[in-house]
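Colleague: data_3.csv is reproduced below (CSV, C-alpha atoms).
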```
chain,number,residue,atom,x,y,z
T,1,MET,CA,54.8,140.5,46.1
T,2,ARG,CA,58.5,139.6,45.5
T,3,PRO,CA,58.2,139.3,41.7
T,4,PHE,CA,56.1,142.5,41.6
T,5,THR,CA,58.9,144.4,43.4
T,6,GLY,CA,61.5,143.0,41.1
T,7,TRP,CA,59.6,143.8,37.9
T,8,LEU,CA,58.6,147.3,39.1
T,9,THR,CA,62.3,148.0,39.7
T,10,VAL,CA,63.1,146.6,36.2
T,11,ALA,CA,60.5,149.0,34.7
T,12,VAL,CA,61.9,152.0,36.6
T,13,PHE,CA,65.5,151.3,35.4
T,14,LEU,CA,64.4,150.7,31.8
T,15,LEU,CA,62.8,154.2,31.9
T,16,PHE,CA,65.3,156.1,33.9
T,17,GLY,CA,68.4,153.9,34.3
T,18,ALA,CA,70.3,155.1,31.3
T,19,GLY,CA,70.2,158.7,32.5
T,20,TRP,CA,71.2,157.7,36.0
T,21,MET,CA,74.2,155.6,34.8
T,22,THR,CA,75.4,158.5,32.6
T,23,HIS,CA,75.4,161.0,35.6
T,24,LEU,CA,76.6,158.8,38.4
T,25,ASN,CA,78.1,160.4,41.5
T,26,TYR,CA,79.0,159.0,44.9
T,27,ALA,CA,75.7,159.7,46.6
T,28,MET,CA,73.6,158.5,43.7
T,29,ALA,CA,75.7,155.4,43.2
T,30,LEU,CA,75.4,154.5,46.9
T,31,SER,CA,71.6,155.0,46.8
T,32,LEU,CA,71.2,153.0,43.7
T,33,PHE,CA,73.4,150.2,45.0
T,34,VAL,CA,71.5,149.9,48.3
T,35,TRP,CA,68.2,149.9,46.3
T,36,LEU,CA,69.3,147.2,43.9
T,37,PHE,CA,71.0,145.1,46.6
T,38,LEU,CA,67.9,145.0,48.7
T,39,VAL,CA,65.6,144.3,45.7
T,40,ILE,CA,67.8,141.5,44.4
T,41,VAL,CA,68.1,139.9,47.8
T,42,TRP,CA,64.4,140.2,48.3
T,43,VAL,CA,63.6,138.6,44.9
T,44,ALA,CA,66.2,136.0,45.5
T,45,PHE,CA,64.2,134.9,48.6
T,46,GLY,CA,61.4,134.4,46.1
T,47,VAL,CA,63.6,132.1,44.1
T,48,VAL,CA,64.4,130.1,47.2
T,49,HIS,CA,60.7,129.9,48.1
T,50,GLU,CA,59.8,128.4,44.8
T,51,ALA,CA,62.8,126.1,44.8
T,52,GLU,CA,61.8,124.9,48.3
T,53,THR,CA,58.3,124.2,47.0
T,54,LEU,CA,59.8,122.2,44.1
T,55,ALA,CA,62.1,120.4,46.5
T,56,GLU,CA,59.1,119.1,48.4
T,57,MET,CA,57.5,118.0,45.2
T,58,LEU,CA,60.5,116.4,43.6
T,59,GLY,CA,62.2,115.1,46.8
T,60,GLU,CA,65.9,115.1,47.6
T,61,PRO,CA,68.3,115.6,46.1
T,62,LEU,CA,66.5,117.0,43.0
T,63,GLY,CA,64.9,119.7,45.1
T,64,THR,CA,68.2,121.0,46.5
T,65,LEU,CA,69.7,120.7,43.0
T,66,VAL,CA,67.0,123.0,41.5
T,67,LEU,CA,67.8,125.6,44.3
T,68,THR,CA,71.6,125.5,43.9
T,69,LEU,CA,71.4,125.7,40.1
T,70,SER,CA,68.9,128.6,40.2
T,71,ILE,CA,71.2,130.5,42.6
T,72,VAL,CA,74.4,129.8,40.6
T,73,VAL,CA,72.8,130.9,37.4
T,74,ILE,CA,72.2,134.3,39.0
T,75,GLU,CA,75.8,134.4,40.1
T,76,VAL,CA,77.1,133.6,36.6
T,77,VAL,CA,74.9,136.3,35.1
T,78,LEU,CA,76.1,138.9,37.6
T,79,ILE,CA,79.8,138.0,37.0
T,80,SER,CA,79.3,138.1,33.2
T,81,ALA,CA,77.5,141.4,33.5
T,82,VAL,CA,80.3,143.0,35.5
T,83,MET,CA,83.0,141.5,33.3
T,84,LEU,CA,81.3,143.0,30.1
T,85,ALA,CA,80.4,146.3,31.8
T,86,SER,CA,83.9,147.0,32.9
T,87,GLN,CA,85.6,145.9,29.6
T,88,GLY,CA,86.7,142.6,31.1
T,89,ASN,CA,87.3,142.7,34.8
T,90,ALA,CA,90.2,140.2,34.9
T,91,THR,CA,90.0,139.1,38.5
T,92,LEU,CA,86.2,139.2,39.2
T,93,ALA,CA,85.5,135.6,38.5
T,94,ARG,CA,88.4,134.5,40.6
T,95,ASP,CA,87.5,136.8,43.4
T,96,THR,CA,83.8,135.6,43.4
T,97,MET,CA,84.6,131.9,43.3
T,98,TYR,CA,87.2,132.4,46.1
T,99,ALA,CA,84.7,134.4,48.1
T,100,VAL,CA,82.0,131.7,47.6
T,101,LEU,CA,84.4,129.0,48.8
T,102,MET,CA,85.4,131.1,51.9
T,103,ILE,CA,81.9,132.3,52.8
T,104,VAL,CA,80.2,128.9,52.3
T,105,LEU,CA,82.8,126.4,53.5
T,106,ASN,CA,84.0,128.6,56.4
T,107,GLY,CA,81.4,131.2,57.1
T,108,VAL,CA,78.1,129.3,56.7
T,109,VAL,CA,79.4,125.9,57.5
T,110,GLY,CA,81.3,127.2,60.5
T,111,LEU,CA,78.3,129.2,61.9
T,112,GLY,CA,75.9,126.3,61.2
T,113,LEU,CA,78.0,123.6,62.9
T,114,LEU,CA,78.6,125.9,65.9
T,115,MET,CA,74.8,126.6,66.2
T,116,GLY,CA,74.0,122.9,65.6
T,117,GLY,CA,76.6,121.8,68.2
T,118,ILE,CA,75.2,124.3,70.8
T,119,ARG,CA,71.6,123.2,70.2
T,120,HIS,CA,72.0,119.5,69.4
T,121,TYR,CA,75.4,118.6,70.9
T,122,GLU,CA,76.2,116.3,67.9
T,123,GLN,CA,74.6,116.1,64.5
T,124,THR,CA,74.6,113.3,61.9
T,125,TYR,CA,74.6,113.5,58.2
T,126,ASN,CA,75.1,111.3,55.1
T,127,LEU,CA,78.9,110.9,55.0
T,128,LYS,CA,78.9,109.4,51.5
T,129,GLY,CA,77.2,112.5,50.0
T,130,ALA,CA,79.7,114.9,51.6
T,131,SER,CA,82.6,112.8,50.4
T,132,ALA,CA,81.2,112.8,46.9
T,133,TYR,CA,80.9,116.6,46.9
T,134,LEU,CA,84.5,117.0,48.2
T,135,SER,CA,85.8,114.6,45.6
T,136,VAL,CA,84.6,117.0,42.9
T,137,ILE,CA,85.2,120.3,44.7
T,138,ILE,CA,88.9,119.6,45.5
T,139,PRO,CA,90.2,118.9,41.9
T,140,LEU,CA,88.0,121.6,40.3
T,141,THR,CA,89.2,124.2,42.9
T,142,ILE,CA,92.8,123.3,42.4
T,143,ILE,CA,92.5,123.3,38.6
T,144,ALA,CA,90.6,126.6,38.5
T,145,LEU,CA,92.3,128.7,41.2
T,146,VAL,CA,95.8,127.3,41.9
T,147,LEU,CA,97.1,125.5,38.8
T,148,PRO,CA,97.0,128.7,36.6
T,149,ASN,CA,99.8,130.1,38.8
T,150,PHE,CA,102.1,127.2,37.9
T,151,THR,CA,101.5,126.8,34.1
T,152,THR,CA,104.3,128.1,31.9
T,153,SER,CA,102.3,128.9,28.8
T,154,THR,CA,101.4,132.2,30.5
T,155,HIS,CA,103.1,134.1,33.3
T,156,ASP,CA,100.3,135.9,35.1
T,157,GLY,CA,97.8,133.4,36.5
T,158,THR,CA,95.9,133.2,33.2
T,159,LEU,CA,95.4,130.2,30.9
T,160,SER,CA,96.3,129.8,27.3
T,161,PRO,CA,93.4,129.3,24.8
T,162,VAL,CA,94.1,125.6,24.5
T,163,GLN,CA,94.2,125.2,28.3
T,164,ALA,CA,91.0,127.3,28.7
T,165,VAL,CA,89.1,125.1,26.3
T,166,MET,CA,90.3,121.8,27.7
T,167,PHE,CA,89.8,122.8,31.3
T,168,SER,CA,86.3,124.1,30.5
T,169,LEU,CA,85.4,120.8,28.8
T,170,LEU,CA,86.9,118.9,31.8
T,171,THR,CA,85.0,120.9,34.3
T,172,ILE,CA,81.7,120.5,32.4
T,173,GLY,CA,82.3,116.8,32.0
T,174,LEU,CA,83.1,116.1,35.6
T,175,TYR,CA,80.2,118.2,36.8
T,176,GLY,CA,77.9,116.4,34.4
T,177,ILE,CA,79.0,113.0,35.7
T,178,PHE,CA,78.4,114.2,39.2
T,179,LEU,CA,74.9,115.4,38.4
T,180,TRP,CA,74.1,112.1,36.7
T,181,LEU,CA,75.2,110.1,39.8
T,182,GLN,CA,73.5,112.5,42.2
T,183,THR,CA,70.2,112.2,40.5
T,184,GLY,CA,70.5,108.6,39.5
T,185,ARG,CA,72.1,105.5,40.9
T,186,HIS,CA,73.8,107.2,43.9
T,187,ARG,CA,70.8,109.4,44.8
T,188,GLY,CA,70.7,107.7,48.2
T,189,TYR,CA,74.0,109.4,49.1
T,190,PHE,CA,72.3,112.7,49.3
T,191,VAL,CA,69.4,112.0,51.6
T,192,ALA,CA,69.5,111.8,55.4
T,193,PRO,CA,70.9,108.6,56.8
T,194,ASP,CA,67.7,107.8,58.6
T,195,ALA,CA,65.6,108.3,55.5
T,196,GLN,CA,64.1,105.4,53.6
T,197,PRO,CA,66.9,103.6,51.6
T,198,ILE,CA,66.7,104.2,47.9
T,199,ASP,CA,67.0,101.2,45.6
T,200,PRO,CA,68.7,102.2,42.3
T,201,LYS,CA,66.7,99.6,40.4
T,202,GLU,CA,63.5,101.0,41.8
T,203,MET,CA,64.7,104.5,40.8
T,204,GLU,CA,64.9,103.4,37.1
T,205,HIS,CA,61.3,102.3,37.1
T,206,GLN,CA,59.8,105.3,38.8
T,207,ARG,CA,57.2,107.1,36.6
T,208,PRO,CA,57.1,110.9,36.5
T,209,GLU,CA,53.4,110.6,36.0
T,210,ALA,CA,53.1,110.3,39.8
T,211,LEU,CA,54.0,114.0,40.1
T,212,ASP,CA,51.5,116.7,39.5
T,213,LYS,CA,52.9,118.0,36.2
T,214,LYS,CA,50.6,121.1,36.1
T,215,ALA,CA,51.8,122.2,39.6
T,216,LEU,CA,55.4,121.5,38.6
T,217,LEU,CA,55.1,123.7,35.5
T,218,VAL,CA,53.4,126.5,37.6
T,219,HIS,CA,56.2,126.6,40.1
T,220,PHE,CA,58.9,126.4,37.5
T,221,ALA,CA,57.3,129.3,35.8
T,222,LEU,CA,57.2,131.2,39.1
T,223,LEU,CA,60.8,130.3,39.6
T,224,LEU,CA,61.7,132.0,36.2
T,225,VAL,CA,59.5,135.0,37.0
T,226,ASN,CA,61.6,135.5,40.1
T,227,ILE,CA,64.9,134.9,38.4
T,228,LEU,CA,64.4,137.1,35.3
T,229,PRO,CA,64.3,140.5,37.1
T,230,ILE,CA,67.6,139.7,38.8
T,231,VAL,CA,69.1,138.8,35.4
T,232,ILE,CA,67.9,142.0,33.9
T,233,LEU,CA,69.0,144.2,36.8
T,234,ALA,CA,72.5,142.6,36.7
T,235,LYS,CA,73.9,145.0,34.1
T,236,SER,CA,72.9,148.1,36.2
T,237,MET,CA,74.2,146.5,39.3
T,238,ALA,CA,77.5,145.7,37.6
T,239,LYS,CA,78.0,149.3,36.5
T,240,ILE,CA,77.3,150.7,39.9
T,241,LEU,CA,79.5,148.1,41.6
T,242,ASP,CA,82.4,148.8,39.3
T,243,TYR,CA,82.0,152.6,39.7
T,244,GLY,CA,81.9,152.3,43.5
T,245,ILE,CA,85.1,150.2,43.8
T,246,ASP,CA,86.9,152.6,41.4
T,247,VAL,CA,85.8,155.8,43.2
T,248,THR,CA,86.3,154.6,46.8
T,249,GLY,CA,89.6,152.7,46.1
T,250,ALA,CA,88.2,149.7,47.8
T,251,PRO,CA,90.0,146.3,47.3
T,252,ALA,CA,89.1,144.8,44.0
T,253,ALA,CA,88.2,141.5,45.8
T,254,LEU,CA,85.3,143.3,47.4
T,255,GLY,CA,83.3,143.1,44.2
T,256,GLY,CA,83.5,139.3,44.3
T,257,ILE,CA,82.5,139.3,48.0
T,258,VAL,CA,79.5,141.5,47.3
T,259,ILE,CA,78.3,139.2,44.5
T,260,ALA,CA,78.8,136.1,46.6
T,261,VAL,CA,76.9,137.6,49.5
T,262,LEU,CA,74.2,139.0,47.2
T,263,VAL,CA,73.6,135.7,45.5
T,264,PHE,CA,74.1,133.2,48.3
T,265,ALA,CA,72.5,135.0,51.3
T,266,PRO,CA,69.0,133.3,50.9
T,267,GLU,CA,70.6,129.9,50.3
T,268,GLY,CA,72.9,130.4,53.3
T,269,ILE,CA,70.0,131.3,55.5
T,270,SER,CA,68.1,128.2,54.3
T,271,ALA,CA,71.1,126.1,55.3
T,272,LEU,CA,71.2,127.6,58.8
T,273,ILE,CA,67.5,127.0,59.2
T,274,ALA,CA,67.9,123.4,58.2
T,275,ILE,CA,70.8,122.9,60.7
T,276,ARG,CA,68.7,124.5,63.5
T,277,ALA,CA,66.0,121.9,62.7
T,278,ASP,CA,68.6,119.2,62.8
T,279,ARG,CA,68.5,118.5,59.1
T,280,LEU,CA,72.3,118.6,58.6
T,281,THR,CA,72.2,116.5,55.4
T,282,ARG,CA,69.9,119.1,53.8
T,283,ALA,CA,72.3,121.9,54.9
T,284,ILE,CA,75.3,120.1,53.5
T,285,ASN,CA,73.6,119.5,50.2
T,286,LEU,CA,72.9,123.3,50.0
T,287,CYS,CA,76.4,124.4,51.0
T,288,LEU,CA,78.6,121.9,49.2
T,289,GLY,CA,76.1,121.8,46.3
T,290,ALA,CA,76.5,125.5,45.9
T,291,VAL,CA,80.3,125.3,45.8
T,292,THR,CA,80.2,122.4,43.3
T,293,SER,CA,77.8,124.2,41.0
T,294,THR,CA,79.7,127.5,41.3
T,295,LEU,CA,82.9,125.8,40.1
T,296,GLY,CA,81.1,123.6,37.5
T,297,LEU,CA,79.3,126.5,35.9
T,298,THR,CA,81.3,129.6,36.5
T,299,VAL,CA,84.7,128.4,35.2
T,300,PRO,CA,83.4,127.4,31.7
T,301,ALA,CA,81.2,130.6,31.5
T,302,VAL,CA,84.0,133.1,32.3
T,303,LEU,CA,86.6,131.3,30.2
T,304,GLY,CA,84.1,131.2,27.3
T,305,ILE,CA,83.5,135.0,27.7
T,306,SER,CA,87.3,135.5,27.8
T,307,LEU,CA,87.8,133.6,24.6
T,308,PHE,CA,84.8,135.3,22.9
T,309,THR,CA,85.8,138.9,23.9
T,310,SER,CA,89.6,138.4,23.9
T,311,HIS,CA,89.7,139.9,27.4
T,312,PRO,CA,92.0,138.0,29.8
T,313,VAL,CA,90.7,136.3,32.9
T,314,LEU,CA,93.1,136.0,35.8
T,315,LEU,CA,92.2,132.8,37.8
T,316,GLY,CA,95.3,132.1,39.8
T,317,LEU,CA,95.1,133.3,43.5
T,318,ALA,CA,97.7,135.3,45.3
T,319,PRO,CA,100.0,133.2,47.6
T,320,SER,CA,98.0,134.1,50.7
T,321,GLY,CA,94.8,133.1,48.9
T,322,MET,CA,96.3,129.7,47.9
T,323,VAL,CA,97.3,129.1,51.5
T,324,MET,CA,93.8,129.9,52.7
T,325,LEU,CA,92.2,127.8,50.0
T,326,VAL,CA,94.3,124.7,50.6
T,327,SER,CA,93.8,125.1,54.4
T,328,THR,CA,90.0,125.3,53.9
T,329,LEU,CA,90.0,122.2,51.6
T,330,ILE,CA,92.0,120.2,54.1
T,331,LEU,CA,89.9,121.3,57.1
T,332,SER,CA,86.7,120.5,55.2
T,333,SER,CA,88.0,117.0,54.4
T,334,ILE,CA,88.7,116.5,58.1
T,335,THR,CA,85.4,117.9,59.2
T,336,PHE,CA,83.4,115.7,56.8
T,337,SER,CA,85.4,112.5,57.4
T,338,ASN,CA,83.2,111.5,60.4
T,339,SER,CA,79.5,111.1,60.3
T,340,ARG,CA,79.0,113.3,63.4
T,341,THR,CA,79.9,116.9,63.9
T,342,THR,CA,80.3,119.1,67.0
T,343,MET,CA,80.6,122.8,67.7
T,344,LEU,CA,84.5,122.5,67.7
T,345,GLU,CA,84.5,122.0,63.9
T,346,GLY,CA,82.3,125.1,63.6
T,347,ALA,CA,84.6,127.2,65.7
T,348,VAL,CA,87.6,126.3,63.6
T,349,HIS,CA,85.9,127.0,60.3
T,350,LEU,CA,84.7,130.4,61.6
T,351,SER,CA,88.3,131.2,62.6
T,352,LEU,CA,89.5,130.7,59.1
T,353,PHE,CA,86.6,132.9,57.9
T,354,VAL,CA,87.7,135.7,60.1
T,355,VAL,CA,91.3,135.4,58.7
T,356,PHE,CA,89.8,135.6,55.2
T,357,LEU,CA,88.0,138.9,56.0
T,358,VAL,CA,91.1,140.4,57.6
T,359,LEU,CA,93.3,139.5,54.5
T,360,VAL,CA,90.8,141.1,52.2
T,361,PHE,CA,91.2,144.5,53.7
T,362,SER,CA,94.9,144.1,54.8
T,363,PRO,CA,96.5,141.7,52.4
```
Here is the file; what I need is its structure written in the form of structure tokens.

Modeller:
Amino acid sequence: MRPFTGWLTVAVFLLFGAGWMTHLNYAMALSLFVWLFLVIVWVAFGVVHEAETLAEMLGEPLGTLVLTLSIVVIEVVLISAVMLASQGNATLARDTMYAVLMIVLNGVVGLGLLMGGIRHYEQTYNLKGASAYLSVIIPLTIIALVLPNFTTSTHDGTLSPVQAVMFSLLTIGLYGIFLWLQTGRHRGYFVAPDAQPIDPKEMEHQRPEALDKKALLVHFALLLVNILPIVILAKSMAKILDYGIDVTGAPAALGGIVIAVLVFAPEGISALIAIRADRLTRAINLCLGAVTSTLGLTVPAVLGISLFTSHPVLLGLAPSGMVMLVSTLILSSITFSNSRTTMLEGAVHLSLFVVFLVLVFSP
């Protein structure tokens, strides 16, 4: 049903979309935005469903990795579409990555830990996995969103071509090493602490033939069938979003927030469901994995588009954003420095999320 809804919308926009985009007005743009937003979220839940099925077949952390990569691919496509549709929206990538960090690390994590604390008093998780995620998130975040404000090659929060290439290669390399460790010798860091211990030597001798290859291929195909309509509709969504922000005079950062909510709503709901079921390690893999993948894939993608199209990409955050970002990273490091969590950590993270929302509309 979900893929059918997505592909039907694709067919309608292929037939009539060009005319609608040419004669956009406020009422039409609002109607089309609501339509596309609901369809994309609905189909994204189909992506989550197929990824959850693959997660059961592949086991952790491969299953969660498939889900986070699928969601982040959608995010990168939407950002790229908006950048190209608006002749290079210079701040969209920055705003989206910042919104993902605030929504996931403060909004979803805060609400989840608060819910988990109320329901289960204390929850345990695999501390080594959370520490591994943060050890990658912190440097990638600082390099992408803070450092550009302090380089002297440029003076407006952008990167020089040499810096863009080197930082992209660094980001890809660090993310690749993390994935290699996550799916290989340190796979045990990303499973629940009460799960069966994973012996790295046994991992090397596991045979993929034990999996049902036919079923895997079917679900991977269904995953693509759900993702492709979102990718195709991204261009139309980008034009409508850009038009709406321009006409209403809304904060430019709102575009990044809309994309972040649009893409990560299904995954965020999955994380909250996992926390309610006292599967905190699973929820942390989803949340911190989403942030890691966002930084690891979005930064190289947008810098590549910038170099290819010669449109600048502004990555450096405003002073208030840098303060919020550093506060969030410090708080996350404290929260995930103990193998048990309570509702207090959730309340503090939610407080920072409220501050983030206030600053968006009254900077």

Colleague: Any chance you could tabulate, as JSON lines, the residues of stretch 280-330 of chain T at most 9 Å from stretch 118-131 of chain T with each one's nearest atom pair and distance in Å to one decimal, using only C-alpha atoms, in chain and rising number order?

Modeller:
```
{"residue": "T:Leu280", "atom": "CA", "partner": "T:Tyr125", "partner_atom": "CA", "distance": 5.6}
{"residue": "T:Thr281", "atom": "CA", "partner": "T:Tyr125", "partner_atom": "CA", "distance": 4.8}
{"residue": "T:Arg282", "atom": "CA", "partner": "T:Tyr125", "partner_atom": "CA", "distance": 8.5}
{"residue": "T:Ile284", "atom": "CA", "partner": "T:Ala130", "partner_atom": "CA", "distance": 7.1}
{"residue": "T:Asn285", "atom": "CA", "partner": "T:Ala130", "partner_atom": "CA", "distance": 7.8}
{"residue": "T:Leu288", "atom": "CA", "partner": "T:Ala130", "partner_atom": "CA", "distance": 7.5}
```

Colleague: My list of candidates is T:Asn25, T:Thr158, T:Thr183, T:Ser270. Which is closest to T:Phe45 when distances are computed with only C-alpha atoms?

Modeller: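 That would be T:Ser270, the residue with the smallest distance to T:Phe45.
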
Colleague: Can you pull out the residues contacting stretch 161-168 of chain T? Cut-off 8 Å, using all atoms listed in the file, and skip same-chain residues under 4 positions away; I want them as a short mmCIF file (atom, residue, chain, number, x, y, z; two decimals) with C-alpha atoms, keeping the file's coordinate frame.

Modeller:
```cif
data_model
loop_
_atom_site.label_atom_id
_atom_site.label_comp_id
_atom_site.auth_asym_id
_atom_site.auth_seq_id
_atom_site.Cartn_x
_atom_site.Cartn_y
_atom_site.Cartn_z
CA ILE T 143 92.50 123.30 38.60
CA ILE T 172 81.70 120.50 32.40
CA VAL T 299 84.70 128.40 35.20
CA PRO T 300 83.40 127.40 31.70
CA LEU T 303 86.60 131.30 30.20
CA GLY T 304 84.10 131.20 27.30
CA LEU T 307 87.80 133.60 24.60
#
```

Colleague: Could you give me, as CSV, every stretch 154-257 of chain T residue with an atom at most 8 Å from stretch 344-360 of chain T, plus its closest atom pair and distance in Å to one decimal, counting all atoms listed in the file, rows ordered by chain then number?

Modeller:
```
residue,atom,partner,partner_atom,distance
T:Pro251,CA,T:Val360,CA,7.2
T:Ala253,CA,T:Val360,CA,6.9
T:Leu254,CA,T:Val360,CA,7.6
```

Colleague: Take the selection from the previous step and output its residues with C-alpha atoms, as an mmCIF file, in the frame of the given file.

Modeller:
```cif
data_model
loop_
_atom_site.group_PDB
_atom_site.id
_atom_site.type_symbol
_atom_site.label_atom_id
_atom_site.label_comp_id
_atom_site.auth_asym_id
_atom_site.auth_seq_id
_atom_site.Cartn_x
_atom_site.Cartn_y
_atom_site.Cartn_z
ATOM 1 C CA PRO T 251 90.000 146.300 47.300
ATOM 2 C CA ALA T 253 88.200 141.500 45.800
ATOM 3 C CA LEU T 254 85.300 143.300 47.400
#
```

Colleague: Rank T:Trp180, T:Phe361, T:Phe220, T:Tyr175 by their smallest atom-to-atom distance to T:Gly249, using all atoms listed in the file, and report the top residue only.

Modeller: T:Phe361

Colleague: Taking a cut-off of 7 Å and counting only C-alpha atoms, can you build a table that, for each residue of stretch 221-259 of chain T near stretch 62-80 of chain T, reports the nearest atom pair and how far apart they are in Å (one decimal), sorted by chain then residue number, as a tab-separated table?

Modeller:
```
residue	atom	partner	partner_atom	distance
T:Val231	CA	T:Val77	CA	6.3
T:Ala234	CA	T:Leu78	CA	5.2
T:Ala238	CA	T:Leu78	CA	6.9
T:Ile259	CA	T:Glu75	CA	7.0
```

Colleague: Quick check, in Å to one decimal: how far apart do atom CA of T:Ile137 and atom CA of T:Val302 lie?

Modeller: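 That distance, rounded to one decimal, is 17.9 Å.
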
Colleague: What does the distance from atom CA of T:Met21 to atom CA of T:Leu8 come to in Å, to one decimal?

Modeller: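 Interatomic distance, atom CA of T:Met21 to atom CA of T:Leu8: 18.2 Å.
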
Colleague: Any idea what the distance is between atom CA of T:Trp35 and atom CA of T:His23?

Modeller: 17.0 Å

Colleague: Rank T:Arg279, T:Val41, T:Arg340, T:Gly256 by their smallest atom-to-atom distance to T:Val191, using all atoms listed in the file, and report the top residue only.

Modeller: T:Arg279

Colleague: With C-alpha atoms retained, output stretch 79-119 of chain T as a PDB file, in the first residue's frame.

Modeller:
```pdb
ATOM      1  CA  ILE T  79      19.229  18.507   0.602  1.00  0.00           C
ATOM      2  CA  SER T  80      20.815  18.121  -2.820  1.00  0.00           C
ATOM      3  CA  ALA T  81      17.480  18.713  -4.540  1.00  0.00           C
ATOM      4  CA  VAL T  82      16.792  21.901  -2.573  1.00  0.00           C
ATOM      5  CA  MET T  83      20.329  23.190  -3.147  1.00  0.00           C
ATOM      6  CA  LEU T  84      20.080  22.663  -6.903  1.00  0.00           C
ATOM      7  CA  ALA T  85      16.474  23.876  -7.180  1.00  0.00           C
ATOM      8  CA  SER T  86      17.260  27.154  -5.433  1.00  0.00           C
ATOM      9  CA  GLN T  87      20.488  27.819  -7.308  1.00  0.00           C
ATOM     10  CA  GLY T  88      22.602  26.764  -4.364  1.00  0.00           C
ATOM     11  CA  ASN T  89      20.929  27.396  -0.997  1.00  0.00           C
ATOM     12  CA  ALA T  90      24.130  28.204   0.907  1.00  0.00           C
ATOM     13  CA  THR T  91      22.915  27.416   4.430  1.00  0.00           C
ATOM     14  CA  LEU T  92      20.544  24.475   3.886  1.00  0.00           C
ATOM     15  CA  ALA T  93      23.057  21.697   4.548  1.00  0.00           C
ATOM     16  CA  ARG T  94      24.284  23.438   7.695  1.00  0.00           C
ATOM     17  CA  ASP T  95      20.742  24.065   8.928  1.00  0.00           C
ATOM     18  CA  THR T  96      19.687  20.474   8.237  1.00  0.00           C
ATOM     19  CA  MET T  97      22.699  18.889   9.966  1.00  0.00           C
ATOM     20  CA  TYR T  98      22.271  21.237  12.929  1.00  0.00           C
ATOM     21  CA  ALA T  99      18.542  20.452  13.081  1.00  0.00           C
ATOM     22  CA  VAL T 100      19.252  16.703  12.968  1.00  0.00           C
ATOM     23  CA  LEU T 101      21.701  17.051  15.852  1.00  0.00           C
ATOM     24  CA  MET T 102      19.271  19.088  17.966  1.00  0.00           C
ATOM     25  CA  ILE T 103      16.186  17.009  17.144  1.00  0.00           C
ATOM     26  CA  VAL T 104      17.869  13.637  17.631  1.00  0.00           C
ATOM     27  CA  LEU T 105      20.330  14.313  20.474  1.00  0.00           C
ATOM     28  CA  ASN T 106      18.013  16.590  22.459  1.00  0.00           C
ATOM     29  CA  GLY T 107      14.462  15.990  21.214  1.00  0.00           C
ATOM     30  CA  VAL T 108      14.275  12.235  20.609  1.00  0.00           C
ATOM     31  CA  VAL T 109      16.915  11.257  23.183  1.00  0.00           C
ATOM     32  CA  GLY T 110      15.388  13.601  25.760  1.00  0.00           C
ATOM     33  CA  LEU T 111      11.825  12.386  25.258  1.00  0.00           C
ATOM     34  CA  GLY T 112      12.968   8.775  25.117  1.00  0.00           C
ATOM     35  CA  LEU T 113      15.008   8.904  28.332  1.00  0.00           C
ATOM     36  CA  LEU T 114      12.191  10.749  30.081  1.00  0.00           C
ATOM     37  CA  MET T 115       9.655   8.116  28.966  1.00  0.00           C
ATOM     38  CA  GLY T 116      12.038   5.298  29.817  1.00  0.00           C
ATOM     39  CA  GLY T 117      12.776   6.738  33.246  1.00  0.00           C
ATOM     40  CA  ILE T 118       9.084   7.112  34.069  1.00  0.00           C
ATOM     41  CA  ARG T 119       8.271   3.589  32.852  1.00  0.00           C
TER      42      ARG T 119
END
```
